[in-house]
Structures are given as C-alpha cells and as structure tokens.
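Reproduced below: final-v5.cif, with mmCIF, C-alpha atoms.
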```cif
data_structure
#
loop_
_atom_site.label_atom_id
_atom_site.label_comp_id
_atom_site.auth_asym_id
_atom_site.auth_seq_id
_atom_site.Cartn_x
_atom_site.Cartn_y
_atom_site.Cartn_z
CA MET A 1 31.76 9.85 72.48
CA GLU A 2 30.81 8.10 69.23
CA ILE A 3 28.34 5.21 69.41
CA GLU A 4 27.95 2.77 66.56
CA VAL A 5 24.28 2.41 65.52
CA LEU A 6 24.13 0.69 62.09
CA GLU A 7 20.35 0.72 61.97
CA GLY A 8 18.34 1.38 58.83
CA VAL A 9 15.71 4.08 59.02
CA PHE A 10 13.23 1.81 57.22
CA ASP A 11 13.98 -1.19 59.49
CA ALA A 12 10.99 -0.53 61.78
CA ASN A 13 8.64 -0.54 58.77
CA GLU A 14 10.28 -3.65 57.34
CA ILE A 15 9.80 -5.59 60.58
CA ILE A 16 6.04 -4.95 60.37
CA ALA A 17 6.09 -5.76 56.65
CA ARG A 18 7.53 -9.17 57.56
CA GLU A 19 4.75 -9.63 60.15
CA ASN A 20 2.20 -8.89 57.41
CA ARG A 21 3.94 -11.46 55.26
CA SER A 22 3.66 -14.16 57.94
CA LEU A 23 0.03 -13.25 58.57
CA LEU A 24 -0.74 -13.67 54.86
CA ASP A 25 1.28 -16.88 54.59
CA ALA A 26 -0.60 -18.36 57.51
CA ARG A 27 -3.85 -17.64 55.63
CA GLY A 28 -2.47 -18.80 52.29
CA ALA A 29 -3.22 -15.38 50.80
CA PHE A 30 -1.32 -13.41 48.16
CA MET A 31 -0.95 -9.63 48.39
CA LEU A 32 -0.52 -7.15 45.56
CA ASN A 33 0.65 -3.56 46.14
CA LEU A 34 -0.71 -1.36 43.36
CA MET A 35 1.05 1.96 42.84
CA ALA A 36 0.60 4.80 40.34
CA SER A 37 0.08 8.53 40.09
CA PRO A 38 -3.38 10.03 40.66
CA GLY A 39 -5.58 9.45 37.63
CA ALA A 40 -3.53 6.61 36.11
CA GLY A 41 -6.47 4.25 36.59
CA LYS A 42 -5.75 2.36 39.81
CA THR A 43 -9.37 1.95 40.84
CA SER A 44 -10.50 1.14 37.28
CA ILE A 45 -7.79 -1.51 36.98
CA ILE A 46 -8.80 -2.99 40.32
CA MET A 47 -12.43 -3.21 39.13
CA LYS A 48 -11.34 -4.88 35.87
CA THR A 49 -8.99 -7.22 37.74
CA LEU A 50 -11.71 -8.26 40.20
CA GLU A 51 -14.01 -8.99 37.25
CA GLY A 52 -11.29 -10.95 35.45
CA VAL A 53 -10.41 -13.21 38.37
CA SER A 54 -13.92 -13.63 39.81
CA GLY A 55 -14.92 -17.27 39.94
CA ASP A 56 -11.27 -18.28 40.29
CA LEU A 57 -10.04 -16.17 43.19
CA LYS A 58 -11.70 -14.72 46.24
CA CYS A 59 -10.48 -11.15 46.65
CA ALA A 60 -10.39 -8.37 49.21
CA VAL A 61 -9.27 -4.78 48.65
CA ILE A 62 -7.48 -2.32 50.92
CA GLU A 63 -7.87 1.24 49.67
CA GLY A 64 -5.32 3.84 50.68
CA ASP A 65 -6.22 7.49 50.17
CA ILE A 66 -5.37 10.73 51.88
CA ALA A 67 -9.07 11.33 52.59
CA GLY A 68 -12.54 10.07 51.68
CA LYS A 69 -14.00 6.65 50.98
CA VAL A 70 -15.14 7.04 47.38
CA ASP A 71 -12.94 4.18 46.17
CA SER A 72 -13.84 1.64 48.84
CA GLU A 73 -17.54 2.33 48.29
CA LYS A 74 -17.11 1.76 44.57
CA ILE A 75 -15.42 -1.60 45.24
CA ALA A 76 -17.87 -2.63 47.95
CA ALA A 77 -20.75 -2.01 45.52
CA THR A 78 -19.43 -4.95 43.45
CA GLY A 79 -19.80 -7.24 46.47
CA VAL A 80 -16.07 -7.53 47.15
CA GLN A 81 -14.90 -6.84 50.68
CA ALA A 82 -13.14 -3.45 50.84
CA ILE A 83 -11.50 -1.48 53.62
CA GLN A 84 -10.55 2.17 53.40
CA ILE A 85 -7.42 3.53 55.05
CA ASN A 86 -7.19 7.32 55.24
CA THR A 87 -3.59 8.38 55.60
CA GLY A 88 -4.57 11.88 56.73
CA GLY A 89 -2.15 13.73 54.49
CA SER A 90 0.59 11.13 54.25
CA CYS A 91 1.67 10.42 50.69
CA HIS A 92 2.09 6.64 50.96
CA LEU A 93 0.95 3.58 52.91
CA GLU A 94 3.16 2.06 55.57
CA ALA A 95 3.23 -1.56 56.74
CA LYS A 96 1.57 -0.65 60.06
CA GLN A 97 -1.56 0.70 58.35
CA VAL A 98 -1.82 -2.41 56.19
CA ASN A 99 -1.36 -4.53 59.32
CA THR A 100 -4.37 -2.85 60.96
CA ALA A 101 -6.42 -3.30 57.78
CA LEU A 102 -5.45 -6.99 57.50
CA GLU A 103 -6.67 -7.52 61.06
CA ARG A 104 -10.00 -5.91 60.21
CA LEU A 105 -10.53 -7.92 57.04
CA ASN A 106 -12.40 -11.18 57.14
CA MET A 107 -9.64 -13.31 55.61
CA GLU A 108 -11.73 -16.49 55.48
CA GLY A 109 -11.06 -18.08 52.09
CA VAL A 110 -9.41 -14.95 50.67
CA ASP A 111 -6.83 -15.78 47.97
CA LEU A 112 -5.84 -12.30 46.86
CA VAL A 113 -5.58 -9.01 48.74
CA ILE A 114 -5.17 -5.98 46.48
CA VAL A 115 -3.76 -2.88 48.18
CA GLU A 116 -4.37 0.39 46.34
CA ASN A 117 -1.57 2.68 47.46
CA VAL A 118 -1.85 6.47 47.64
CA GLY A 119 -1.57 8.15 44.22
CA ASN A 120 2.12 9.02 43.96
CA LEU A 121 5.07 7.77 41.89
CA VAL A 122 7.73 8.50 44.51
CA CYS A 123 7.09 7.67 48.16
CA PRO A 124 5.16 4.35 47.99
CA ALA A 125 8.21 2.71 46.36
CA GLU A 126 10.23 3.18 49.57
CA PHE A 127 7.84 1.40 51.92
CA LYS A 128 7.50 -2.38 51.89
CA LEU A 129 4.07 -3.58 52.95
CA GLY A 130 4.73 -7.33 53.00
CA GLU A 131 3.39 -7.75 49.47
CA ASP A 132 4.14 -10.64 47.07
CA LEU A 133 4.00 -8.39 44.06
CA LYS A 134 4.56 -4.70 43.39
CA VAL A 135 2.51 -3.60 40.43
CA MET A 136 2.69 -0.12 38.95
CA ILE A 137 0.60 1.60 36.34
CA LEU A 138 1.72 4.25 33.89
CA SER A 139 -1.04 5.74 31.80
CA VAL A 140 -0.45 7.03 28.29
CA ALA A 141 -1.44 10.59 29.19
CA GLU A 142 1.48 10.80 31.66
CA GLY A 143 4.08 10.48 28.88
CA HIS A 144 6.72 7.90 28.01
CA ASP A 145 9.55 9.90 29.65
CA LYS A 146 8.58 9.04 33.23
CA PRO A 147 10.88 6.07 34.05
CA LEU A 148 14.07 8.11 34.37
CA LYS A 149 12.24 10.73 36.43
CA TYR A 150 10.88 8.16 38.89
CA PRO A 151 13.57 5.46 38.71
CA LEU A 152 12.89 3.80 42.04
CA MET A 153 9.26 2.97 41.25
CA PHE A 154 10.07 1.66 37.76
CA SER A 155 13.03 -0.43 38.88
CA GLU A 156 11.32 -1.95 41.95
CA SER A 157 8.00 -2.96 40.42
CA HIS A 158 7.55 -6.57 39.33
CA VAL A 159 4.85 -5.62 36.87
CA LEU A 160 4.23 -2.52 34.75
CA LEU A 161 0.73 -2.02 33.42
CA ILE A 162 0.63 0.54 30.62
CA ASN A 163 -2.95 1.79 30.81
CA LYS A 164 -5.15 3.87 28.48
CA THR A 165 -3.49 2.47 25.36
CA ASP A 166 -6.64 3.51 23.46
CA LEU A 167 -5.30 7.10 23.71
CA ILE A 168 -2.03 6.35 21.89
CA PRO A 169 -3.26 7.50 18.44
CA TYR A 170 -4.01 10.95 19.85
CA THR A 171 -0.63 11.50 21.52
CA ASP A 172 3.14 11.36 20.85
CA PHE A 173 3.46 8.51 23.33
CA ASP A 174 6.25 6.15 22.21
CA ILE A 175 5.40 2.81 23.78
CA GLU A 176 8.46 1.00 22.37
CA ALA A 177 10.83 3.63 23.79
CA LEU A 178 9.10 3.38 27.15
CA GLU A 179 9.41 -0.41 27.26
CA ASP A 180 13.08 -0.32 26.17
CA THR A 181 13.95 2.14 28.95
CA VAL A 182 12.08 0.18 31.60
CA ARG A 183 13.66 -3.13 30.61
CA LYS A 184 17.15 -1.65 31.14
CA MET A 185 16.15 -0.42 34.59
CA ASN A 186 14.31 -3.55 35.58
CA LEU A 187 15.61 -6.75 34.00
CA GLN A 188 12.75 -9.02 35.08
CA VAL A 189 9.78 -6.71 34.72
CA GLU A 190 6.55 -8.07 33.23
CA ILE A 191 4.84 -5.51 31.02
CA PHE A 192 1.19 -5.55 29.95
CA ARG A 193 -0.43 -3.06 27.59
CA ILE A 194 -4.02 -2.51 28.58
CA SER A 195 -6.99 -0.25 28.17
CA CYS A 196 -9.60 -0.34 30.90
CA ARG A 197 -11.90 1.61 28.60
CA THR A 198 -11.91 -0.86 25.69
CA GLY A 199 -10.90 -3.90 27.74
CA GLU A 200 -7.96 -4.59 25.41
CA GLY A 201 -5.13 -6.57 27.04
CA VAL A 202 -6.93 -6.89 30.37
CA SER A 203 -7.36 -10.67 30.17
CA ASP A 204 -3.62 -11.17 29.44
CA TRP A 205 -2.92 -9.42 32.75
CA THR A 206 -5.61 -11.18 34.77
CA ASP A 207 -4.68 -14.63 33.36
CA TRP A 208 -1.04 -14.01 34.27
CA LEU A 209 -2.08 -12.86 37.76
CA LYS A 210 -4.27 -15.93 38.32
CA ASN A 211 -1.29 -18.14 37.52
CA ARG A 212 0.97 -16.21 39.88
CA VAL A 213 -1.51 -16.40 42.75
CA ARG A 214 -2.26 -20.09 42.16
CA GLY A 215 1.39 -20.96 41.49
CA MET B 1 6.98 14.60 51.13
CA HIS B 2 7.52 11.26 52.90
CA GLU B 3 10.56 12.75 54.63
CA LEU B 4 8.35 13.75 57.56
CA SER B 5 7.69 10.13 58.52
CA VAL B 6 11.21 9.12 57.47
CA THR B 7 12.73 11.80 59.73
CA GLU B 8 10.49 10.64 62.59
CA SER B 9 11.85 7.12 62.16
CA MET B 10 15.43 8.41 61.97
CA LEU B 11 14.98 10.43 65.15
CA ALA B 12 13.41 7.43 66.91
CA VAL B 13 16.48 5.32 66.05
CA VAL B 14 18.80 8.05 67.29
CA LEU B 15 16.94 8.64 70.57
CA LYS B 16 16.69 4.90 71.28
CA HIS B 17 20.45 4.47 70.99
CA ALA B 18 21.15 7.72 72.87
CA GLU B 19 18.97 6.62 75.77
CA THR B 20 20.49 3.14 75.89
CA ASN B 21 23.86 4.84 76.24
CA LYS B 22 22.55 7.30 78.87
CA ALA B 23 23.38 10.32 76.74
CA THR B 24 22.45 13.82 77.86
CA GLN B 25 22.98 15.30 74.42
CA VAL B 26 23.40 14.12 70.82
CA THR B 27 25.87 16.37 69.02
CA ARG B 28 26.18 14.69 65.66
CA ILE B 29 24.30 12.07 63.63
CA ASN B 30 26.26 10.24 60.93
CA MET B 31 24.10 8.72 58.21
CA VAL B 32 24.57 6.88 54.94
CA LEU B 33 22.14 7.84 52.19
CA GLY B 34 22.16 5.99 48.88
CA GLU B 35 22.08 7.75 45.55
CA MET B 36 18.90 5.89 44.62
CA SER B 37 17.06 6.47 47.87
CA SER B 38 14.16 8.85 47.25
CA VAL B 39 14.88 10.61 50.53
CA MET B 40 15.99 14.23 50.14
CA GLU B 41 18.72 15.46 52.43
CA GLU B 42 17.34 19.03 52.54
CA SER B 43 13.90 17.82 53.61
CA VAL B 44 15.36 15.65 56.36
CA ARG B 45 17.26 18.69 57.66
CA PHE B 46 14.11 20.79 57.55
CA TYR B 47 11.94 18.28 59.44
CA PHE B 48 14.73 17.43 61.88
CA GLU B 49 14.83 21.01 63.05
CA ILE B 50 11.12 20.82 63.94
CA LEU B 51 10.97 17.24 65.26
CA GLY B 52 14.25 17.43 67.19
CA LYS B 53 13.12 20.43 69.21
CA ASP B 54 12.96 19.74 72.96
CA THR B 55 14.68 16.38 72.58
CA ILE B 56 18.29 15.63 73.51
CA ALA B 57 19.06 15.62 69.78
CA GLU B 58 18.03 19.26 69.31
CA GLY B 59 20.71 21.11 67.35
CA ALA B 60 22.68 17.97 66.46
CA GLU B 61 24.80 18.23 63.33
CA LEU B 62 23.50 16.01 60.51
CA ASN B 63 26.19 14.37 58.44
CA PHE B 64 25.19 12.51 55.28
CA GLN B 65 27.59 10.22 53.48
CA ARG B 66 26.28 9.49 49.97
CA THR B 67 26.79 6.08 48.37
CA LYS B 68 26.84 5.31 44.65
CA LEU B 69 24.38 2.91 43.10
CA ARG B 70 26.20 -0.40 42.60
CA ALA B 71 24.94 -3.81 41.54
CA ARG B 72 26.14 -7.40 41.34
CA CYS B 73 25.34 -9.53 38.31
CA GLY B 74 23.39 -12.70 39.12
CA GLY B 75 25.05 -14.49 36.19
CA CYS B 76 28.79 -13.80 36.30
CA GLY B 77 29.03 -12.08 39.69
CA LYS B 78 30.57 -8.88 38.34
CA GLU B 79 30.10 -5.83 40.55
CA PHE B 80 29.55 -2.55 38.70
CA GLU B 81 28.38 0.99 39.10
CA VAL B 82 24.90 1.57 37.73
CA VAL B 83 24.87 4.60 35.45
CA GLU B 84 21.58 6.22 34.48
CA PHE B 85 19.69 3.36 36.10
CA ASP B 86 20.87 0.87 33.48
CA PHE B 87 21.08 -2.36 35.47
CA ARG B 88 22.35 -4.56 32.64
CA CYS B 89 25.64 -6.32 33.34
CA PRO B 90 28.44 -4.82 31.24
CA ASP B 91 30.03 -8.29 30.80
CA CYS B 92 27.22 -10.77 30.18
CA ASP B 93 23.53 -10.87 29.32
CA ALA B 94 22.18 -12.38 32.55
CA ASN B 95 18.72 -11.08 33.36
CA LYS B 96 19.22 -10.70 37.10
CA THR B 97 21.19 -8.16 39.08
CA GLU B 98 21.13 -7.39 42.75
CA ILE B 99 21.68 -3.92 44.24
CA ILE B 100 24.61 -3.90 46.65
CA SER B 101 24.62 -0.21 47.55
CA GLY B 102 22.83 3.00 46.79
CA ARG B 103 19.38 2.19 48.19
CA GLU B 104 20.14 2.57 51.87
CA PHE B 105 19.23 5.16 54.46
CA GLN B 106 20.99 4.11 57.62
CA VAL B 107 22.12 5.71 60.85
CA GLU B 108 25.78 4.70 61.08
CA SER B 109 26.71 6.30 64.39
CA ILE B 110 25.88 9.10 66.78
CA GLU B 111 28.15 11.36 68.79
CA ILE B 112 26.88 11.96 72.31
CA ASN B 113 27.72 13.64 75.58
#
```

Show how you would write the structure in this file as structure tokens.
Amino acid sequence: MEIEVLEGVFDANEIIARENRSLLDARGAFMLNLMASPGAGKTSIIMKTLEGVSGDLKCAVIEGDIAGKVDSEKIAATGVQAIQINTGGSCHLEAKQVNTALERLNMEGVDLVIVENVGNLVCPAEFKLGEDLKVMILSVAEGHDKPLKYPLMFSESHVLLINKTDLIPYTDFDIEALEDTVRKMNLQVEIFRISCRTGEGVSDWTDWLKNRVRG
Amino acid sequence: MHELSVTESMLAVVLKHAETNKATQVTRINMVLGEMSSVMEESVRFYFEILGKDTIAEGAELNFQRTKLRARCGGCGKEFEVVEFDFRCPDCDANKTEIISGREFQVESIEIN
C-alpha cells in the first residue's frame, strides 16, 4: 500500500527556526548567521564587528564549534556575552541548538545576536536557524573560484564579506571575477571588501549592519 | 557530512507516517531531491543502512526523483531553468528571482505492508 507523505526532511528544523524567529521578535532582537570555511576569519570579523557597533548596539554571540571553547573565551574577554555550543562532530548548527543557546542568553536589551556557525562552506547553508541575515565570508587565500564549487552558500547568503584583501597583491586572486560570478548567482547580494588585519573596509560593513539592525 | 542528521530526520518522517498507518514494514521510500540540495544520495543510502537497522524500515528500497533547478522572475514572472547557477532572468533585468524547484528534499510517499 502506498501512503502519501509530502513532508520535507528539513521541516522539523524549520519549525524550530520559526520558533527562534518569534522568540527574537518578541525581544526586538536581530540575528545574524555567520558562515565560512575554517580560517576565513569568522572570529576576527566578529571581534571587529563588535568593536564597530559598540556604543550603538548591544550584542551577544553564540559560538558554534565541533569542540572547545577558545572562541567564546576570546569574545567574553571583550566583555560581550558569549555562549559556546559544541556540536560534538556535527558539521553545522541546527535550529534546536540555537534555541537552547537563546534560552541561556540574557536577552535583556540585546539588539544583535551574532551566531558563528561551524567552519564549513557546505552544510550550514541547508539549515535555517531563524536568522534575519545570512552572512558569509570568503577569504582571499581560499581563491576566487569557490562560488561555483559551493553554489548553495553563495546563492543563499544576503551578504558576502571578502576578507584578507591585504593579501591580494601576493596572490592571483581576481576580485572582479569573483564578484561578477557571485552577482549572477545571487541577484541581491551585498558585497563588502574588508581586511581585519588593516581594518580597511570594516566600517563600511559595520555601518551598513547598524542600519539594517536599526531599520 | 550532514547527511547523518539529514537521514535521521528522513527516517523519523518515514517512521511517523508508517506508525500512523499501522504499518508492519516499509518496503519503499519515494523521495524528491533537488539538483541544488547539498544532500548526497549515496551518503543517504549509506547512513540509511545503519540507521534503519532494527526498525520497520530496515531494507526499504530508496527511490530518489531528482528535480531541476528552476526559478521565477520577480519582474516579468517568467519561469526558467537555472543553468550553472546563473539566476538572471533571460527576458528582463529584474534583480529578484525566486526558486520554484531544485532545493527540496522531501518524502513524497512510502510503500508499506
């Protein structure tokens, strides 16, 4: 006997993502899901972003890693509330884990929650967390040919941060070719060129973000 | 790598519907998997063999129907197949398109005894 099911495999995750969304809406908070490969500069960008919006926005950070709490300790040392989620081998964060973290956070007065996803350009793109904004980073050292290899991440992200632009003179990285490819895959993407090391371009990104959160 | 948790979710959907229908065995699972989904069919098969063991879905045949990536233009409404992830409308220069197929991973139906 054949039984009709018509149920999406990601539906269970998406139901919890919507719960996260309502929880954040009730608190008037904005959530950013930051995704990139290991070493692209996620934690450095978070530190620079926190610095850039401090005074304007009250932030909290949820750190997703397979193991350890190096990143959350680094953030907490700046005085910003940070919670570590260890995925125990899983390659991405799911809405349920973010839900637990949101319940543990003191959300009093928090305007912006930054979620640092597990370092990976594939899996995190499939799992909605209830975020307002998906932000991805590609660093110069990874090469400009990545969009067509990881199409889901590049076409789903609202923002692309091209990091480590200070390295461009030492590589064959073609930033124009990269941006052209991404704009065909993602018609509304916002692209910022930044270098956490020199600070170049960081304020363009943080000013834009402040407007988005406030708007 | 995320296929482990994805296969767990798939199996949970299957077992829920099988139990509701008082099945004693699931013989076949019919799924739709979009071209742009990052889920790999081979990995789902691999994990299903392990996770399905000792459930009523053990040994079920997995049938994947693949869908092409298609989009609808937000400007003129044209529906088109997306080739090489180029989402630009072939007919106009609107800057918004919506995916209509190719992203899904859905259990369509199950065959049970």

### Task
Pick out the residues sitting within 10 Å of Cys92 (chain B), and hand them over as a ChimeraX atom specification; count all atoms listed in the file, and ignore anything fewer than 4 positions along from it in its own chain.
/B:73-78,88

### Query
Got a sec to resolve the PyMOL selection byres ((chain A and resi 177) around 12) on this structure and send the residues as a PyMOL selection string?
chain A and resi 143-148+172-176+178-184

### Message
With distances taken over all atoms listed in the file, which residue among B:Glu42, B:Asp86, B:Glu81, B:Asp91 lies nearest chain A?
### Response
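Smallest distance to chain A is found for B:Asp86.
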
### Query
Mind pulling up the distance from CA of Met36 (chain B) to CA of Val5 (chain A)?
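CA of Val5 (chain A) sits 21.9 Å away from CA of Met36 (chain B).
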
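Once the PyMOL selection byres ((chain A) within 6 of (chain B)) is applied to this file, the selection holds Met1, Glu2, Ile3, Glu4, Val5, Leu6, Glu7, Gly8, Val9, Cys123, Lys184, Met185 and Leu187 of chain A.
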
### Query
Quick one, how far is CA of Phe192 (chain A) from CA of Leu34 (chain A)?
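Distance reported for this atom pair: 14.2 Å.
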
### Query
In Å, with one decimal, what is the gap from CA of Ala71 (chain B) to CA of Gly102 (chain B)?
8.9 Å

### Task
Enumerate, as number ranges by chain, the residues matched when the PyMOL selection byres ((chain A and resi 206) around 10) is run on the file above.
A: 48-53, 201-205, 207-212

### Task
Can you work out which one of B:Arg66, B:Arg45, B:Glu98, B:Thr55 has the shortest atom-to-atom distance to Glu19 (chain B), counting only C-alpha atoms?
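Checking each of B:Arg66, B:Arg45, B:Glu98, B:Thr55 against Glu19 (chain B), counting only C-alpha atoms, the winner is B:Thr55.
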
### Query
Could you pull the residues within 7 Å of region 89-96 of chain A, counting all atoms listed in the file, minus those fewer than 5 positions along the same chain, as a ChimeraX atom specification?
/A:13,16-17,64,66,117-118,120,123-124,127-129 /B:1-2

### Query
Counting only C-alpha atoms, which of A:Ile162, A:Cys196, A:Leu105, A:Ala67 gets nearest to Leu24 (chain A)?
A:Leu105

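Closest approach to Thr171 (chain A) among A:Glu190, A:Glu131, A:Asp11, A:Glu142 is made by A:Glu142 (distances from all atoms listed in the file).
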
Kindly complete region 85-96 of chain B to all heavy atoms; the output should be written as a PDB file, in the coordinates of the input.
```pdb
ATOM      1  N   PHE B  85      20.644   4.407  35.739  1.00  0.00           N
ATOM      2  CA  PHE B  85      19.690   3.360  36.100  1.00  0.00           C
ATOM      3  C   PHE B  85      19.662   2.201  35.111  1.00  0.00           C
ATOM      4  O   PHE B  85      18.669   1.498  34.988  1.00  0.00           O
ATOM      5  CB  PHE B  85      18.286   3.951  36.317  1.00  0.00           C
ATOM      6  CG  PHE B  85      18.304   5.078  37.297  1.00  0.00           C
ATOM      7  CD1 PHE B  85      18.164   6.393  36.881  1.00  0.00           C
ATOM      8  CD2 PHE B  85      18.521   4.832  38.638  1.00  0.00           C
ATOM      9  CE1 PHE B  85      18.230   7.442  37.784  1.00  0.00           C
ATOM     10  CE2 PHE B  85      18.590   5.865  39.556  1.00  0.00           C
ATOM     11  CZ  PHE B  85      18.445   7.174  39.135  1.00  0.00           C
ATOM     12  N   ASP B  86      20.771   2.011  34.379  1.00  0.00           N
ATOM     13  CA  ASP B  86      20.870   0.870  33.480  1.00  0.00           C
ATOM     14  C   ASP B  86      21.493  -0.283  34.267  1.00  0.00           C
ATOM     15  O   ASP B  86      22.687  -0.268  34.557  1.00  0.00           O
ATOM     16  CB  ASP B  86      21.740   1.255  32.271  1.00  0.00           C
ATOM     17  CG  ASP B  86      21.751   0.161  31.210  1.00  0.00           C
ATOM     18  OD1 ASP B  86      21.364  -0.983  31.536  1.00  0.00           O
ATOM     19  OD2 ASP B  86      22.139   0.449  30.077  1.00  0.00           O
ATOM     20  N   PHE B  87      20.654  -1.269  34.595  1.00  0.00           N
ATOM     21  CA  PHE B  87      21.080  -2.360  35.470  1.00  0.00           C
ATOM     22  C   PHE B  87      21.674  -3.547  34.716  1.00  0.00           C
ATOM     23  O   PHE B  87      21.961  -4.573  35.309  1.00  0.00           O
ATOM     24  CB  PHE B  87      19.899  -2.836  36.336  1.00  0.00           C
ATOM     25  CG  PHE B  87      19.608  -1.911  37.494  1.00  0.00           C
ATOM     26  CD1 PHE B  87      18.734  -0.854  37.356  1.00  0.00           C
ATOM     27  CD2 PHE B  87      20.232  -2.104  38.716  1.00  0.00           C
ATOM     28  CE1 PHE B  87      18.484   0.012  38.420  1.00  0.00           C
ATOM     29  CE2 PHE B  87      19.985  -1.255  39.788  1.00  0.00           C
ATOM     30  CZ  PHE B  87      19.111  -0.197  39.642  1.00  0.00           C
ATOM     31  N   ARG B  88      21.830  -3.429  33.402  1.00  0.00           N
ATOM     32  CA  ARG B  88      22.350  -4.560  32.640  1.00  0.00           C
ATOM     33  C   ARG B  88      23.840  -4.759  32.923  1.00  0.00           C
ATOM     34  O   ARG B  88      24.610  -3.803  32.988  1.00  0.00           O
ATOM     35  CB  ARG B  88      22.128  -4.321  31.138  1.00  0.00           C
ATOM     36  CG  ARG B  88      20.638  -4.337  30.765  1.00  0.00           C
ATOM     37  CD  ARG B  88      20.436  -3.943  29.326  1.00  0.00           C
ATOM     38  NE  ARG B  88      20.976  -2.605  29.076  1.00  0.00           N
ATOM     39  CZ  ARG B  88      21.084  -2.057  27.879  1.00  0.00           C
ATOM     40  NH1 ARG B  88      20.693  -2.728  26.817  1.00  0.00           N
ATOM     41  NH2 ARG B  88      21.564  -0.839  27.739  1.00  0.00           N
ATOM     42  N   CYS B  89      24.233  -6.018  33.064  1.00  0.00           N
ATOM     43  CA  CYS B  89      25.640  -6.320  33.340  1.00  0.00           C
ATOM     44  C   CYS B  89      26.486  -5.914  32.132  1.00  0.00           C
ATOM     45  O   CYS B  89      26.140  -6.238  30.992  1.00  0.00           O
ATOM     46  CB  CYS B  89      25.788  -7.830  33.599  1.00  0.00           C
ATOM     47  SG  CYS B  89      27.511  -8.324  33.815  1.00  0.00           S
ATOM     48  N   PRO B  90      27.599  -5.223  32.373  1.00  0.00           N
ATOM     49  CA  PRO B  90      28.440  -4.820  31.240  1.00  0.00           C
ATOM     50  C   PRO B  90      29.165  -6.009  30.595  1.00  0.00           C
ATOM     51  O   PRO B  90      29.662  -5.904  29.470  1.00  0.00           O
ATOM     52  CB  PRO B  90      29.444  -3.847  31.858  1.00  0.00           C
ATOM     53  CG  PRO B  90      29.416  -4.093  33.324  1.00  0.00           C
ATOM     54  CD  PRO B  90      28.079  -4.689  33.659  1.00  0.00           C
ATOM     55  N   ASP B  91      29.234  -7.159  31.307  1.00  0.00           N
ATOM     56  CA  ASP B  91      30.030  -8.290  30.800  1.00  0.00           C
ATOM     57  C   ASP B  91      29.219  -9.452  30.244  1.00  0.00           C
ATOM     58  O   ASP B  91      29.727 -10.246  29.467  1.00  0.00           O
ATOM     59  CB  ASP B  91      30.932  -8.836  31.916  1.00  0.00           C
ATOM     60  CG  ASP B  91      32.107  -7.911  32.187  1.00  0.00           C
ATOM     61  OD1 ASP B  91      32.194  -6.866  31.512  1.00  0.00           O
ATOM     62  OD2 ASP B  91      32.919  -8.226  33.081  1.00  0.00           O
ATOM     63  N   CYS B  92      27.991  -9.625  30.687  1.00  0.00           N
ATOM     64  CA  CYS B  92      27.220 -10.770  30.180  1.00  0.00           C
ATOM     65  C   CYS B  92      25.753 -10.366  30.039  1.00  0.00           C
ATOM     66  O   CYS B  92      25.385  -9.255  30.361  1.00  0.00           O
ATOM     67  CB  CYS B  92      27.375 -11.978  31.099  1.00  0.00           C
ATOM     68  SG  CYS B  92      26.399 -11.894  32.608  1.00  0.00           S
ATOM     69  N   ASP B  93      24.911 -11.286  29.547  1.00  0.00           N
ATOM     70  CA  ASP B  93      23.530 -10.870  29.320  1.00  0.00           C
ATOM     71  C   ASP B  93      22.557 -11.540  30.308  1.00  0.00           C
ATOM     72  O   ASP B  93      21.404 -11.795  29.991  1.00  0.00           O
ATOM     73  CB  ASP B  93      23.122 -11.122  27.858  1.00  0.00           C
ATOM     74  CG  ASP B  93      23.323 -12.584  27.470  1.00  0.00           C
ATOM     75  OD1 ASP B  93      23.693 -13.384  28.353  1.00  0.00           O
ATOM     76  OD2 ASP B  93      23.094 -12.916  26.279  1.00  0.00           O
ATOM     77  N   ALA B  94      23.050 -11.799  31.522  1.00  0.00           N
ATOM     78  CA  ALA B  94      22.180 -12.380  32.550  1.00  0.00           C
ATOM     79  C   ALA B  94      21.030 -11.405  32.815  1.00  0.00           C
ATOM     80  O   ALA B  94      21.189 -10.196  32.696  1.00  0.00           O
ATOM     81  CB  ALA B  94      22.969 -12.605  33.828  1.00  0.00           C
ATOM     82  N   ASN B  95      19.873 -11.966  33.170  1.00  0.00           N
ATOM     83  CA  ASN B  95      18.720 -11.080  33.360  1.00  0.00           C
ATOM     84  C   ASN B  95      18.413 -10.827  34.842  1.00  0.00           C
ATOM     85  O   ASN B  95      17.291 -10.540  35.219  1.00  0.00           O
ATOM     86  CB  ASN B  95      17.488 -11.622  32.648  1.00  0.00           C
ATOM     87  CG  ASN B  95      16.932 -12.854  33.330  1.00  0.00           C
ATOM     88  OD1 ASN B  95      17.620 -13.478  34.137  1.00  0.00           O
ATOM     89  ND2 ASN B  95      15.698 -13.202  33.031  1.00  0.00           N
ATOM     90  N   LYS B  96      19.456 -10.934  35.674  1.00  0.00           N
ATOM     91  CA  LYS B  96      19.220 -10.700  37.100  1.00  0.00           C
ATOM     92  C   LYS B  96      20.420  -9.967  37.703  1.00  0.00           C
ATOM     93  O   LYS B  96      21.557 -10.407  37.553  1.00  0.00           O
ATOM     94  CB  LYS B  96      19.050 -12.060  37.806  1.00  0.00           C
ATOM     95  CG  LYS B  96      18.310 -11.957  39.125  1.00  0.00           C
ATOM     96  CD  LYS B  96      17.944 -13.350  39.589  1.00  0.00           C
ATOM     97  CE  LYS B  96      17.535 -13.469  41.022  1.00  0.00           C
ATOM     98  NZ  LYS B  96      16.670 -12.594  41.660  1.00  0.00           N
TER      99      LYS B  96
END
```
